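Encoded as structure tokens, the structure appears first; notes follow it.
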There are 2 protein chains.
Amino acid sequence: MSSLPHVLITNDDGVQSPGLLALKQALEPMAQVTVFAPDHNWSAAGHSKTMHKPLRVHQVALADGTPAFTTNGAPSDCVGLALLGIVPQRPHLVISGINRGSNLGHDVTYSGTVAAAMEAVVSGIPAIAVSLDERRWGDFAACQQAVVRLARLVLDCGLPPNVLLNVNGPAVPSDQVRGLLVTRLGQRVYRDVLIERHDPKGQPYYWIGGEPPTGVPEDGTDIGAVANGYISVTPLTMDLTDYAFLPRLRDRLLGDAP
Amino acid sequence: MSSLPHVLITNDDGVQSPGLLALKQALEPMAQVTVFAPDHNWSAAGHSKTMHKPLRVHQVALADGTPAFTTNGAPSDCVGLALLGIVPQRPHLVISGINRGSNLGHDVTYSGTVAAAMEAVVSGIPAIAVSLDERRWGDFAACQQAVVRLARLVLDCGLPPNVLLNVNGPAVPSDQVRGLLVTRLGQRVYRDVLIERHDPKGQPYYWIGGEPPTGVPEDGTDIGAVANGYISVTPLTMDLTDYAFLPRLRDRLLGDAP
């Protein structure tokens with residue numbers, strides 16, 4: 001038995017992603033790492049729980065020979081399956097990533113990377129989601145350093161109930177990253193467009209396509225931080241209650257005819 | 001052109017669900033209703049955006065003859081496709097439901113019903129998600145009344161940016177429902193278990209099964225409200241930033257060795 005803390009890692013891009021390998025290698029000196037990741041890429045998977053079909057679990061090896069569990073389920077299923085007993089030892093921390101592409105602003109409600117972290121938080125285990133701007137894909141050093149620092153902090157101090165950390169690396173070379181900034185979620189600008197095509201029988205079908213989202217690079221936000229070359233760290237809560245609006249809604253309903 | 005407000009409705013259970021029909025019939029006197037729902041049931045779908053496969057759109061009819069759009073995409077895709085142009089007129093309000101089964105506490109992060117409402121909010125359209133305890137399935141009257149009252153309120157007063165209303169009907173007959181309560185999210189208790197089976201070749205596969213979740217029926221929460229026979233109305237924000245923890249995290253990182 002190792003006396004190192006036990007960290008479960010997963011991702012959204014699939015078990016063979018170099019981002020997962022980079023995460024594993026960063027954590028290796030400080031933790032006993034278990035890898036459990038989807039056997040294929042899940043993009044914009046959201047927070048799902050696969051209850052309508054059977055899940056397979058296989059053992060594979062990462063590119064460096066590290067043994068890994070893999071499943072046909074979603075990123076959050078990897079965490080669910082691990083905690084339900086596929087992985088004997090309960091992890092002290094779950095980390096999801098390094099995702100290819102940012103998860104900023106409203107992206108966090110779609111993101112399979114964040115969803116896997118949420119699944120851990122639902123079970124009372126602290127969690128971190130890590131993503132890197134697609135334009136710096138492969139240059140993992142700054143994200144690796146950040147995740148080790150944050151993992152140590154979380155293992156030492158914990159996180160409040162219902163909270164996870166959402167980490168995003170900027171589109172600058174690792175040696176030019178300016179540090180960590182703690183941020184709030186910013187405003188994404190989605191640029192989805194509907195693309196209509198016709199099948200050989202002339203029937204229409206549609207793709208949701210368009211350019212990647214941009215965002216408003218406001219100071220204090222995740223979008224502002226990465227735009228300025230910082231790694232953004234946003235504490236996210238899974239208590240979605242809008243406490244500011246709640247009393248106003250109550251007043252409105254009381255003042256309303258029944 | 002109708003001068004009534006335009007309400008887009010969708011759901012998670014599929015276009016043929018009696019809950020969708022009940023929602024449509026409740027809104028009919030007060031709104032021009034467009035129906036756009038998945039062609040099959042999506043359970044625990046989460047907030048997804050289907051970008052990896054083409055989406056079909058067909059026109060079908062509900063049991064009362066109402067024309068409806070349907071797609072092979074997820075609940076949130078119905079809203080996305082509608083707003084990207086499949087439905088010519090932009091809705092004033094999006095309502096998702098009536099879902100078969102509650103969406104309480106952490107359920108909201110898994111729920112396709114809530115995800116569809118989130119997709120509307122991302123596009124700046126106010127939204128309501130409505131669910132009914134499975135034990136009263138078919139007895140829609142109290143939920144219908146509540147949704148009409150809340151739809152009027154939202155159409156008259158709007159909702160703050162990033163906010164949606166999550167509505168849950170209790171497991172009591174409609175004529176015994178005690179009214180509406182504005183609540184915060186409560187604490188769900190999940191009872192998932194891992195079920196291992198073996199295929200004809202002796203290889204294992206797994207189901208995530210177990211009893212439905214229970215919850216802590218604390219006063220002031222959604223779970224407490226429905227346990228006491230009220231319809232719960234929870235304002236949810238899509239700004240998941242934990243503003244209370246943010247400054248503490250900043251202090252900890254500053255005090256930490258880099």
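Following the order of the structure tokens, chains are lettered A, B, ..., residues in each are numbered from 1, and ligands are numbered from 1.
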In region 52-190 of chain B, DSSP alpha helix (DSSP H) residues written as a PDB file with N, CA, C and O atoms, in the first residue's frame:
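Result file result23.pdb:
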```pdb
ATOM      1  N   PRO B  75     -32.956  16.940 -25.811  1.00  0.00           N
ATOM      2  CA  PRO B  75     -33.865  18.049 -25.476  1.00  0.00           C
ATOM      3  C   PRO B  75     -33.233  19.422 -25.753  1.00  0.00           C
ATOM      4  O   PRO B  75     -33.889  20.306 -26.322  1.00  0.00           O
ATOM      5  N   SER B  76     -31.965  19.593 -25.366  1.00  0.00           N
ATOM      6  CA  SER B  76     -31.332  20.902 -25.603  1.00  0.00           C
ATOM      7  C   SER B  76     -31.135  21.160 -27.098  1.00  0.00           C
ATOM      8  O   SER B  76     -31.160  22.312 -27.541  1.00  0.00           O
ATOM      9  N   ASP B  77     -30.966  20.101 -27.896  1.00  0.00           N
ATOM     10  CA  ASP B  77     -30.890  20.288 -29.350  1.00  0.00           C
ATOM     11  C   ASP B  77     -32.209  20.817 -29.914  1.00  0.00           C
ATOM     12  O   ASP B  77     -32.202  21.568 -30.891  1.00  0.00           O
ATOM     13  N   CYS B  78     -33.337  20.382 -29.335  1.00  0.00           N
ATOM     14  CA  CYS B  78     -34.642  20.885 -29.812  1.00  0.00           C
ATOM     15  C   CYS B  78     -34.683  22.403 -29.689  1.00  0.00           C
ATOM     16  O   CYS B  78     -35.108  23.102 -30.611  1.00  0.00           O
ATOM     17  N   VAL B  79     -34.229  22.899 -28.549  1.00  0.00           N
ATOM     18  CA  VAL B  79     -34.221  24.347 -28.332  1.00  0.00           C
ATOM     19  C   VAL B  79     -33.200  25.002 -29.263  1.00  0.00           C
ATOM     20  O   VAL B  79     -33.482  26.013 -29.916  1.00  0.00           O
ATOM     21  N   GLY B  80     -32.012  24.392 -29.355  1.00  0.00           N
ATOM     22  CA  GLY B  80     -30.972  24.931 -30.239  1.00  0.00           C
ATOM     23  C   GLY B  80     -31.441  25.011 -31.682  1.00  0.00           C
ATOM     24  O   GLY B  80     -31.318  26.058 -32.331  1.00  0.00           O
ATOM     25  N   LEU B  81     -31.999  23.917 -32.194  1.00  0.00           N
ATOM     26  CA  LEU B  81     -32.474  23.894 -33.584  1.00  0.00           C
ATOM     27  C   LEU B  81     -33.584  24.920 -33.796  1.00  0.00           C
ATOM     28  O   LEU B  81     -33.600  25.626 -34.806  1.00  0.00           O
ATOM     29  N   ASP B 107     -30.112  16.503  -9.045  1.00  0.00           N
ATOM     30  CA  ASP B 107     -30.725  16.025 -10.291  1.00  0.00           C
ATOM     31  C   ASP B 107     -30.634  17.077 -11.388  1.00  0.00           C
ATOM     32  O   ASP B 107     -30.535  16.730 -12.566  1.00  0.00           O
ATOM     33  N   VAL B 108     -30.690  18.356 -11.009  1.00  0.00           N
ATOM     34  CA  VAL B 108     -30.759  19.401 -12.044  1.00  0.00           C
ATOM     35  C   VAL B 108     -29.513  19.422 -12.916  1.00  0.00           C
ATOM     36  O   VAL B 108     -29.559  19.903 -14.051  1.00  0.00           O
ATOM     37  N   THR B 109     -28.399  18.881 -12.411  1.00  0.00           N
ATOM     38  CA  THR B 109     -27.185  18.860 -13.243  1.00  0.00           C
ATOM     39  C   THR B 109     -27.206  17.694 -14.238  1.00  0.00           C
ATOM     40  O   THR B 109     -26.436  17.687 -15.190  1.00  0.00           O
ATOM     41  N   TYR B 110     -28.056  16.700 -14.015  1.00  0.00           N
ATOM     42  CA  TYR B 110     -28.178  15.574 -14.945  1.00  0.00           C
ATOM     43  C   TYR B 110     -29.343  15.746 -15.917  1.00  0.00           C
ATOM     44  O   TYR B 110     -29.388  15.096 -16.951  1.00  0.00           O
ATOM     45  N   GLY B 112     -32.208  16.273 -18.479  1.00  0.00           N
ATOM     46  CA  GLY B 112     -32.447  16.774 -19.829  1.00  0.00           C
ATOM     47  C   GLY B 112     -33.536  17.839 -19.850  1.00  0.00           C
ATOM     48  O   GLY B 112     -33.507  18.756 -20.671  1.00  0.00           O
ATOM     49  N   THR B 113     -34.509  17.712 -18.944  1.00  0.00           N
ATOM     50  CA  THR B 113     -35.590  18.696 -18.841  1.00  0.00           C
ATOM     51  C   THR B 113     -35.026  20.069 -18.480  1.00  0.00           C
ATOM     52  O   THR B 113     -35.357  21.087 -19.099  1.00  0.00           O
ATOM     53  N   VAL B 114     -34.150  20.097 -17.491  1.00  0.00           N
ATOM     54  CA  VAL B 114     -33.511  21.352 -17.084  1.00  0.00           C
ATOM     55  C   VAL B 114     -32.531  21.822 -18.166  1.00  0.00           C
ATOM     56  O   VAL B 114     -32.429  23.020 -18.453  1.00  0.00           O
ATOM     57  N   ALA B 115     -31.836  20.870 -18.818  1.00  0.00           N
ATOM     58  CA  ALA B 115     -30.865  21.225 -19.858  1.00  0.00           C
ATOM     59  C   ALA B 115     -31.528  21.997 -20.997  1.00  0.00           C
ATOM     60  O   ALA B 115     -30.955  22.946 -21.537  1.00  0.00           O
ATOM     61  N   ALA B 116     -32.730  21.587 -21.364  1.00  0.00           N
ATOM     62  CA  ALA B 116     -33.438  22.290 -22.442  1.00  0.00           C
ATOM     63  C   ALA B 116     -33.722  23.731 -22.028  1.00  0.00           C
ATOM     64  O   ALA B 116     -33.573  24.665 -22.822  1.00  0.00           O
ATOM     65  N   ALA B 117     -34.100  23.915 -20.771  1.00  0.00           N
ATOM     66  CA  ALA B 117     -34.331  25.275 -20.263  1.00  0.00           C
ATOM     67  C   ALA B 117     -33.015  26.066 -20.251  1.00  0.00           C
ATOM     68  O   ALA B 117     -32.983  27.255 -20.612  1.00  0.00           O
ATOM     69  N   MET B 118     -31.917  25.399 -19.881  1.00  0.00           N
ATOM     70  CA  MET B 118     -30.608  26.069 -19.880  1.00  0.00           C
ATOM     71  C   MET B 118     -30.231  26.550 -21.278  1.00  0.00           C
ATOM     72  O   MET B 118     -29.679  27.629 -21.450  1.00  0.00           O
ATOM     73  N   GLU B 119     -30.523  25.726 -22.279  1.00  0.00           N
ATOM     74  CA  GLU B 119     -30.170  26.099 -23.650  1.00  0.00           C
ATOM     75  C   GLU B 119     -30.882  27.385 -24.056  1.00  0.00           C
ATOM     76  O   GLU B 119     -30.307  28.232 -24.747  1.00  0.00           O
ATOM     77  N   ALA B 120     -32.119  27.556 -23.602  1.00  0.00           N
ATOM     78  CA  ALA B 120     -32.849  28.794 -23.885  1.00  0.00           C
ATOM     79  C   ALA B 120     -32.183  29.971 -23.182  1.00  0.00           C
ATOM     80  O   ALA B 120     -31.979  31.042 -23.769  1.00  0.00           O
ATOM     81  N   VAL B 121     -31.830  29.777 -21.916  1.00  0.00           N
ATOM     82  CA  VAL B 121     -31.228  30.859 -21.119  1.00  0.00           C
ATOM     83  C   VAL B 121     -29.898  31.301 -21.728  1.00  0.00           C
ATOM     84  O   VAL B 121     -29.592  32.502 -21.767  1.00  0.00           O
ATOM     85  N   VAL B 122     -29.105  30.341 -22.234  1.00  0.00           N
ATOM     86  CA  VAL B 122     -27.844  30.683 -22.909  1.00  0.00           C
ATOM     87  C   VAL B 122     -28.110  31.636 -24.079  1.00  0.00           C
ATOM     88  O   VAL B 122     -27.309  32.523 -24.367  1.00  0.00           O
ATOM     89  N   ALA B 141     -53.178  18.333 -13.249  1.00  0.00           N
ATOM     90  CA  ALA B 141     -53.913  19.596 -13.067  1.00  0.00           C
ATOM     91  C   ALA B 141     -53.139  20.625 -12.237  1.00  0.00           C
ATOM     92  O   ALA B 141     -53.048  21.800 -12.616  1.00  0.00           O
ATOM     93  N   ALA B 142     -52.556  20.202 -11.123  1.00  0.00           N
ATOM     94  CA  ALA B 142     -51.859  21.176 -10.263  1.00  0.00           C
ATOM     95  C   ALA B 142     -50.626  21.740 -10.960  1.00  0.00           C
ATOM     96  O   ALA B 142     -50.360  22.949 -10.881  1.00  0.00           O
ATOM     97  N   CYS B 143     -49.887  20.902 -11.669  1.00  0.00           N
ATOM     98  CA  CYS B 143     -48.716  21.389 -12.415  1.00  0.00           C
ATOM     99  C   CYS B 143     -49.146  22.321 -13.544  1.00  0.00           C
ATOM    100  O   CYS B 143     -48.471  23.323 -13.828  1.00  0.00           O
ATOM    101  N   GLN B 144     -50.260  21.995 -14.189  1.00  0.00           N
ATOM    102  CA  GLN B 144     -50.752  22.850 -15.269  1.00  0.00           C
ATOM    103  C   GLN B 144     -51.090  24.248 -14.755  1.00  0.00           C
ATOM    104  O   GLN B 144     -50.710  25.257 -15.345  1.00  0.00           O
ATOM    105  N   GLN B 145     -51.801  24.279 -13.607  1.00  0.00           N
ATOM    106  CA  GLN B 145     -52.149  25.580 -13.010  1.00  0.00           C
ATOM    107  C   GLN B 145     -50.905  26.368 -12.652  1.00  0.00           C
ATOM    108  O   GLN B 145     -50.816  27.567 -12.875  1.00  0.00           O
ATOM    109  N   ALA B 146     -49.937  25.664 -12.040  1.00  0.00           N
ATOM    110  CA  ALA B 146     -48.716  26.343 -11.610  1.00  0.00           C
ATOM    111  C   ALA B 146     -47.956  26.903 -12.796  1.00  0.00           C
ATOM    112  O   ALA B 146     -47.455  28.037 -12.768  1.00  0.00           O
ATOM    113  N   VAL B 147     -47.876  26.126 -13.867  1.00  0.00           N
ATOM    114  CA  VAL B 147     -47.065  26.564 -14.999  1.00  0.00           C
ATOM    115  C   VAL B 147     -47.722  27.758 -15.695  1.00  0.00           C
ATOM    116  O   VAL B 147     -47.026  28.677 -16.156  1.00  0.00           O
ATOM    117  N   VAL B 148     -49.042  27.781 -15.730  1.00  0.00           N
ATOM    118  CA  VAL B 148     -49.730  28.935 -16.335  1.00  0.00           C
ATOM    119  C   VAL B 148     -49.465  30.184 -15.499  1.00  0.00           C
ATOM    120  O   VAL B 148     -49.137  31.255 -16.028  1.00  0.00           O
ATOM    121  N   ARG B 149     -49.551  30.029 -14.188  1.00  0.00           N
ATOM    122  CA  ARG B 149     -49.310  31.179 -13.310  1.00  0.00           C
ATOM    123  C   ARG B 149     -47.867  31.687 -13.454  1.00  0.00           C
ATOM    124  O   ARG B 149     -47.625  32.889 -13.561  1.00  0.00           O
ATOM    125  N   LEU B 150     -46.912  30.761 -13.492  1.00  0.00           N
ATOM    126  CA  LEU B 150     -45.502  31.156 -13.598  1.00  0.00           C
ATOM    127  C   LEU B 150     -45.182  31.709 -14.990  1.00  0.00           C
ATOM    128  O   LEU B 150     -44.402  32.653 -15.122  1.00  0.00           O
ATOM    129  N   ALA B 151     -45.808  31.131 -16.014  1.00  0.00           N
ATOM    130  CA  ALA B 151     -45.575  31.638 -17.376  1.00  0.00           C
ATOM    131  C   ALA B 151     -46.056  33.087 -17.486  1.00  0.00           C
ATOM    132  O   ALA B 151     -45.373  33.942 -18.046  1.00  0.00           O
ATOM    133  N   ARG B 152     -47.223  33.383 -16.917  1.00  0.00           N
ATOM    134  CA  ARG B 152     -47.733  34.764 -16.927  1.00  0.00           C
ATOM    135  C   ARG B 152     -46.770  35.700 -16.216  1.00  0.00           C
ATOM    136  O   ARG B 152     -46.476  36.800 -16.683  1.00  0.00           O
ATOM    137  N   LEU B 153     -46.300  35.251 -15.060  1.00  0.00           N
ATOM    138  CA  LEU B 153     -45.377  36.076 -14.278  1.00  0.00           C
ATOM    139  C   LEU B 153     -44.098  36.360 -15.071  1.00  0.00           C
ATOM    140  O   LEU B 153     -43.620  37.504 -15.121  1.00  0.00           O
ATOM    141  N   VAL B 154     -43.550  35.329 -15.700  1.00  0.00           N
ATOM    142  CA  VAL B 154     -42.299  35.506 -16.444  1.00  0.00           C
ATOM    143  C   VAL B 154     -42.532  36.368 -17.679  1.00  0.00           C
ATOM    144  O   VAL B 154     -41.716  37.240 -18.005  1.00  0.00           O
ATOM    145  N   LEU B 155     -43.649  36.160 -18.360  1.00  0.00           N
ATOM    146  CA  LEU B 155     -43.933  36.976 -19.551  1.00  0.00           C
ATOM    147  C   LEU B 155     -44.153  38.440 -19.159  1.00  0.00           C
ATOM    148  O   LEU B 155     -43.763  39.352 -19.885  1.00  0.00           O
ATOM    149  N   ASP B 156     -44.753  38.676 -18.003  1.00  0.00           N
ATOM    150  CA  ASP B 156     -45.002  40.055 -17.541  1.00  0.00           C
ATOM    151  C   ASP B 156     -43.734  40.716 -16.999  1.00  0.00           C
ATOM    152  O   ASP B 156     -43.463  41.878 -17.282  1.00  0.00           O
ATOM    153  N   CYS B 157     -42.997  39.992 -16.170  1.00  0.00           N
ATOM    154  CA  CYS B 157     -41.893  40.616 -15.407  1.00  0.00           C
ATOM    155  C   CYS B 157     -40.515  40.185 -15.881  1.00  0.00           C
ATOM    156  O   CYS B 157     -39.507  40.752 -15.437  1.00  0.00           O
TER     157      CYS B 157
END
```
(request) Using only C-alpha atoms, determine which residues of chain A fall within 8 Å of chain B; present them as a PyMOL selection string. (result) chain A and resi 43-57+81+84-85+105-106+109-110+122+149+160+163+181-185+192-194+204-209+234-243+245-246+249-250+258
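In this model, the gap between CA of Asp222 (chain A) and CA of Val130 (chain A) comes to 12.6 Å.
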(request) Could you give me, as a VMD selection string, the residues within 10 Å of Ile98 (chain A), counting only C-alpha atoms and dropping anything in the same chain fewer than 4 positions from it? (result) chain A and resid 9 to 13 17 to 24 102 113 129 to 132 137 140 143 to 144 147 167 to 169
(message) Would you compute the distance between CA of His40 (chain A) and CA of Ala68 (chain A)? Give it in Å to one decimal.
(response)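 A separation of 13.7 Å between them.
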(message) Between CA of Val226 (chain B) and CA of Glu211 (chain B), what is the distance in Å, rounded to a tenth?
(response) 18.8 Å
